[in-house]
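Below is work_29.cif, holding mmCIF, C-alpha atoms.
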```cif
data_target
loop_
_atom_site.label_atom_id
_atom_site.label_comp_id
_atom_site.auth_asym_id
_atom_site.auth_seq_id
_atom_site.Cartn_x
_atom_site.Cartn_y
_atom_site.Cartn_z
CA MET A 23 0.00 0.00 0.00
CA SER A 24 1.59 3.27 -1.03
CA GLN A 25 1.97 6.44 1.13
CA PRO A 26 0.67 9.77 -0.07
CA VAL A 27 3.42 12.02 -1.32
CA GLN A 28 3.49 15.66 -0.22
CA PRO A 29 3.59 18.09 -3.09
CA PRO A 30 7.20 19.17 -3.77
CA ASN A 31 6.40 22.89 -3.96
CA GLN A 32 5.10 23.04 -0.37
CA PRO A 33 7.99 22.84 2.10
CA GLN A 34 7.51 21.20 5.38
CA GLN A 35 6.87 23.52 8.32
CA PRO A 36 9.44 22.86 11.03
CA TYR A 37 8.03 22.22 14.46
CA GLY A 38 4.50 22.58 13.18
CA ALA A 39 4.68 26.38 12.68
CA GLN A 40 2.27 28.05 10.38
CA PRO A 41 3.49 30.27 7.55
CA VAL A 42 3.21 34.00 8.02
CA ASP A 43 2.67 36.24 5.00
CA GLY A 44 4.10 33.70 2.64
CA ASN A 45 7.27 33.18 4.73
CA PRO A 46 7.47 29.52 5.59
CA TYR A 47 10.09 30.13 8.30
CA ALA A 48 8.53 33.19 9.94
CA GLY A 49 7.42 31.29 12.99
CA GLY A 50 10.61 29.31 13.45
CA PRO A 51 13.39 29.81 15.94
CA GLY A 52 15.43 31.90 13.49
CA ALA A 53 12.61 34.37 12.79
CA PRO A 54 13.70 38.02 12.52
CA ALA A 55 13.07 40.33 15.44
CA PRO A 56 10.14 42.70 15.32
CA ALA A 57 10.59 46.15 13.84
CA GLY A 58 12.22 48.72 16.14
CA ASP A 59 14.63 46.26 17.70
CA PRO A 60 17.05 45.29 14.92
CA TYR A 61 19.24 43.16 17.18
CA GLY A 62 16.53 41.18 18.86
CA GLN A 63 17.33 42.61 22.29
CA GLN A 64 14.70 43.40 24.85
CA PRO A 65 14.48 46.98 26.21
CA LEU A 66 16.05 47.65 29.55
CA ALA A 67 12.68 48.36 31.11
CA SER A 68 11.71 44.74 30.62
CA TYR A 69 14.47 43.65 33.04
CA GLY A 70 13.50 46.04 35.84
CA GLN A 71 15.92 48.79 34.81
CA GLN A 72 14.97 52.25 33.69
CA ALA A 73 16.60 53.58 30.57
CA PRO A 74 18.46 56.90 31.07
CA ALA A 75 16.76 60.00 29.82
CA PRO A 76 18.31 61.42 26.67
CA THR A 77 20.54 64.44 27.28
CA GLY A 78 21.25 65.48 23.74
CA ASN A 79 24.98 64.97 24.36
CA PRO A 80 26.36 61.84 22.65
CA PHE A 81 29.47 62.06 24.83
CA ALA A 82 27.69 62.38 28.16
CA ASP A 83 28.76 60.01 30.92
CA GLN A 84 26.49 57.00 31.37
CA GLN A 85 26.97 56.92 35.17
CA GLY A 86 24.67 59.80 36.06
CA GLN A 87 27.12 62.67 35.59
CA GLN A 88 25.94 65.86 34.07
CA PRO A 89 27.39 66.60 30.64
CA GLY A 90 30.22 69.12 30.66
CA PRO A 91 31.27 71.49 27.88
CA PHE A 92 32.90 68.62 25.93
CA GLY A 93 31.13 65.61 27.41
CA GLY A 94 33.07 65.61 30.70
CA GLY A 95 31.45 65.49 34.10
CA THR A 96 33.07 68.69 35.42
CA PRO A 97 32.81 72.07 33.66
CA PHE A 98 35.81 74.34 33.29
CA ALA A 99 36.50 76.67 36.22
CA PRO A 100 36.02 80.35 35.38
CA ALA A 101 39.16 82.36 34.79
CA PRO A 102 40.25 84.48 37.77
CA PRO A 103 39.46 88.17 37.46
CA ALA A 104 42.24 90.37 36.25
CA PRO A 105 43.86 92.57 38.93
CA PRO A 106 42.60 96.14 38.88
CA ALA A 107 44.81 98.65 37.16
CA ARG A 108 46.58 100.97 39.56
CA ASN A 109 46.04 104.21 37.75
CA ASN A 110 43.46 105.96 39.93
CA ILE A 111 44.80 109.46 40.52
CA LEU A 112 42.22 110.31 43.19
CA TYR A 113 43.02 107.26 45.30
CA GLY A 114 46.72 107.90 44.91
CA VAL A 115 46.45 111.51 46.10
CA LEU A 116 44.24 110.54 49.04
CA ALA A 117 46.70 107.84 50.03
CA ALA A 118 49.56 110.32 49.86
CA LEU A 119 47.62 112.81 51.99
CA GLY A 120 46.84 110.24 54.65
CA ALA A 121 50.42 109.01 54.74
CA ALA A 122 51.71 112.61 54.94
CA ILE A 123 49.57 113.35 58.01
CA VAL A 124 50.59 110.17 59.81
CA ALA A 125 54.28 110.46 58.93
CA GLY A 126 54.33 114.18 59.79
CA VAL A 127 52.88 113.58 63.24
CA LEU A 128 55.33 110.76 63.96
CA TYR A 129 58.23 112.91 62.79
CA GLY A 130 57.09 115.80 65.01
CA VAL A 131 56.76 113.56 68.07
CA LEU A 132 60.27 112.21 67.48
CA MET A 133 61.67 115.71 67.04
CA GLY A 134 59.90 117.05 70.15
CA SER A 135 61.01 114.07 72.24
CA ILE A 136 64.72 114.56 71.54
CA GLU A 137 64.31 118.39 71.43
CA ARG A 138 66.35 118.73 68.31
CA GLU A 139 65.84 118.72 64.57
CA PHE A 140 66.30 115.29 63.11
CA GLY A 141 66.33 116.15 59.46
CA TYR A 142 67.33 112.76 58.13
CA ALA A 143 63.95 111.44 59.20
CA ALA A 144 62.56 113.54 56.34
CA VAL A 145 63.87 110.88 53.96
CA GLY A 146 61.72 108.23 55.65
CA VAL A 147 58.72 110.56 55.63
CA GLY A 148 59.04 111.21 51.91
CA PHE A 149 59.51 107.54 51.08
CA LEU A 150 56.42 106.54 53.07
CA VAL A 151 54.29 109.17 51.33
CA GLY A 152 55.53 108.19 47.88
CA PHE A 153 55.12 104.47 48.46
CA ALA A 154 51.52 104.86 49.66
CA ALA A 155 50.67 107.07 46.68
CA GLY A 156 52.28 104.75 44.16
CA LYS A 157 50.65 101.67 45.63
CA LEU A 158 47.16 102.97 44.87
CA GLY A 159 47.73 105.52 42.13
CA GLY A 160 50.49 103.99 40.03
CA ALA A 161 53.42 105.85 38.50
CA ASN A 162 51.37 108.64 36.97
CA PRO A 163 53.29 111.95 36.81
CA VAL A 164 50.47 113.61 38.74
CA ILE A 165 50.91 111.06 41.52
CA ILE A 166 54.65 111.67 41.63
CA GLY A 167 54.19 115.43 41.85
CA ALA A 168 51.52 115.16 44.54
CA ALA A 169 53.68 112.80 46.58
CA ALA A 170 56.65 115.17 46.39
CA VAL A 171 54.60 118.21 47.48
CA LEU A 172 52.85 116.33 50.28
CA SER A 173 56.14 114.94 51.56
CA ILE A 174 57.46 118.49 51.95
CA ALA A 175 54.24 119.43 53.74
CA ALA A 176 54.62 116.41 56.02
CA VAL A 177 58.17 117.41 56.97
CA TYR A 178 57.01 120.97 57.67
CA LEU A 179 54.10 119.68 59.79
CA GLY A 180 56.46 117.48 61.76
CA GLN A 181 58.81 120.35 62.46
CA LEU A 182 55.94 122.56 63.66
CA ILE A 183 54.74 119.80 65.98
CA GLY A 184 58.28 119.37 67.29
CA TYR A 185 58.67 123.11 67.97
CA THR A 186 55.28 123.19 69.68
CA MET A 187 56.23 120.32 72.00
CA VAL A 188 59.50 122.01 72.97
CA MET A 189 57.84 125.39 73.60
CA ALA A 190 55.06 123.78 75.63
CA ASP A 191 57.63 121.99 77.78
CA VAL A 192 59.61 125.17 78.36
CA ALA A 193 56.53 127.26 79.21
CA HIS A 194 54.97 124.44 81.28
CA VAL A 195 51.70 124.66 79.43
CA SER A 196 49.74 122.12 77.43
CA PHE A 197 50.51 121.27 73.85
CA SER A 198 47.07 122.40 72.67
CA ASP A 199 47.44 125.82 74.33
CA VAL A 200 50.64 126.54 72.42
CA LEU A 201 49.37 125.11 69.12
CA PHE A 202 46.00 126.87 69.04
CA ASP A 203 46.62 130.01 71.11
CA HIS A 204 50.20 130.79 70.16
CA PHE A 205 50.55 129.26 66.72
CA ASP A 206 52.06 132.51 65.38
CA ALA A 207 54.83 132.22 67.97
CA VAL A 208 55.51 128.68 66.78
CA THR A 209 55.87 129.78 63.15
CA ARG A 210 58.19 132.65 64.15
CA ALA A 211 60.38 130.25 66.10
CA TRP A 212 60.51 127.89 63.14
CA THR A 213 61.49 130.73 60.76
CA ALA A 214 64.23 131.89 63.13
CA GLU A 215 65.67 128.44 63.62
CA SER A 216 65.42 127.15 60.06
CA GLY A 217 68.43 127.38 57.83
CA PHE A 218 69.98 125.96 54.70
CA MET A 219 69.85 122.36 55.94
CA THR A 220 66.13 122.66 56.65
CA TYR A 221 65.44 123.20 52.96
CA VAL A 222 67.93 120.51 52.02
CA PHE A 223 65.92 118.04 54.07
CA PHE A 224 62.80 119.23 52.27
CA ALA A 225 64.48 118.33 49.01
CA PHE A 226 65.55 114.95 50.39
CA GLY A 227 61.96 114.24 51.37
CA ALA A 228 60.72 115.07 47.87
CA LEU A 229 63.34 112.84 46.26
CA ALA A 230 62.51 110.03 48.66
CA ALA A 231 58.85 110.37 47.67
CA PHE A 232 59.82 109.92 44.02
CA GLY A 233 61.77 106.80 44.97
CA GLY A 234 58.81 105.50 46.99
CA VAL A 235 56.49 105.78 44.00
CA LYS A 236 58.95 103.91 41.80
CA LYS A 237 59.44 101.24 44.44
CA ALA A 238 55.70 100.67 44.73
CA ASN A 239 55.49 100.03 40.98
#
```

As structure tokens, please, write out the structure in this file.
Amino acid sequence: MSQPVQPPNQPQQPYGAQPVDGNPYAGGPGAPAPAGDPYGQQPLASYGQQAPAPTGNPFADQQGQQPGPFGGGTPFAPAPPAPPARNNILYGVLAALGAAIVAGVLYGVLMGSIEREFGYAAVGVGFLVGFAAGKLGGANPVIIGAAAVLSIAAVYLGQLIGYTMVMADVAHVSFSDVLFDHFDAVTRAWTAESGFMTYVFFAFGALAAFGGVKKAN
């Protein structure tokens, strides 16, 4: 008794699968993956993991770091601000004025304490005035001129304070009484006692102020 022969144009379906859309192997184990997943992999969400949100940066770190300027996790630090230019004439003059007052008072106290003119201290007074002016105002010619003039004024102020201290000690009165009530007597005493070296020390103070400005810059 003969067995029925299957038509040759109808291939056998492996494992009993039914053809899909004319593809006899569509239901088999080697069937292509559905559209949208070309490699046959399951999405991460199916395994209990949440896919990272897109950042728009193909070089962003996959470990939760925020994308940097070039895909790094840390952005560049901002450049430090440039130091301010020291060319403010007003600040330089104010600094010279403040230094002249302080240096003049110290010079006067020193002169009154030893009861003699200590002219070489004028060099230190001028240098201090010039250095303070140059530190804030720069090496502007206006700053140099103001420092020189104010250094001379500081030396003169110190000498007046020194004369006032000596006269107050001799007269056994207070310093303020001599300075405010007999200031004309103080200026006359200074004029009588000043000489060539007094003006030389003025010049030394002005030159020291010039050197102080240059040293500060």

Residue among A:Ile183, A:Met219, A:Leu116, A:Ile174 lying closest to Phe202 (chain A), counting only C-alpha atoms = A:Ile183

Pick from A:Leu112, A:Ala207, A:Ala190, A:Ala122: nearest to Ala170 (chain A), with all atoms listed in the file counted?
-> A:Ala122

Could you write out as an MDAnalysis selection string the residues that the PyMOL selection byres ((chain A and resi 220) around 10) matches in the shown file?
-> chainID A and resid 139:141 144 177:178 181 215:219 221:226

Edge lengths and centre in Å to one decimal, as AutoDock Vina command-line options, of the axis-aligned box that encloses all listed atoms of region 199-215 of chain A with 8 Å added on every side?
```
--center_x 55.8 --center_y 128.9 --center_z 67.5 --size_x 35.7 --size_y 23.5 --size_z 29.6
```

By how many Å are CA of Phe197 (chain A) and CA of Ala117 (chain A) apart?
->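 Separation between CA of Phe197 (chain A) and CA of Ala117 (chain A): 27.6 Å.
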
Hey, can you check how far CA of Tyr185 (chain A) sits from CA of Arg138 (chain A)?
->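 Separating CA of Tyr185 (chain A) from CA of Arg138 (chain A) is a distance of 8.8 Å.
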
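Proximity of A:Gly130, A:Gly234, A:Gly146, A:Gly152 to Leu172 (chain A), computed with all atoms listed in the file, is greatest for A:Gly152.
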
Polymer residues at most 8 Å from Lys236 (chain A), only C-alpha atoms, same-chain spacing of 2 or more positions, as a PDB file with C-alpha atoms, keeping the file's coordinate frame:
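Here's the written file out_17.pdb:
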```pdb
ATOM      1  CA  PHE A 153      55.120 104.470  48.460  1.00  0.00           C
ATOM      2  CA  GLY A 156      52.280 104.750  44.160  1.00  0.00           C
ATOM      3  CA  ALA A 161      53.420 105.850  38.500  1.00  0.00           C
ATOM      4  CA  PHE A 232      59.820 109.920  44.020  1.00  0.00           C
ATOM      5  CA  GLY A 233      61.770 106.800  44.970  1.00  0.00           C
ATOM      6  CA  GLY A 234      58.810 105.500  46.990  1.00  0.00           C
ATOM      7  CA  ALA A 238      55.700 100.670  44.730  1.00  0.00           C
ATOM      8  CA  ASN A 239      55.490 100.030  40.980  1.00  0.00           C
TER       9      ASN A 239
END
```

Kindly give the distance, in Å, that separates CA of Leu179 (chain A) and CA of Ala230 (chain A), rounded to a single decimal.
->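 CA of Ala230 (chain A) lies 17.0 Å from CA of Leu179 (chain A).
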
Got a sec: who's within 9 Å of Ala125 (chain A), counting all atoms listed in the file, leaving out chain neighbours fewer than 2 positions off, as JSON, numbers by chain?
-> {"A": [120, 121, 122, 123, 127, 128, 129, 130, 146, 147, 148, 150, 151, 173, 176, 177, 180]}

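Restricting the calculation to all atoms listed in the file, the smallest distance between Ala143 (chain A) and any of A:Gly227, A:Val115, A:Leu158, A:Val235 is found for A:Gly227.
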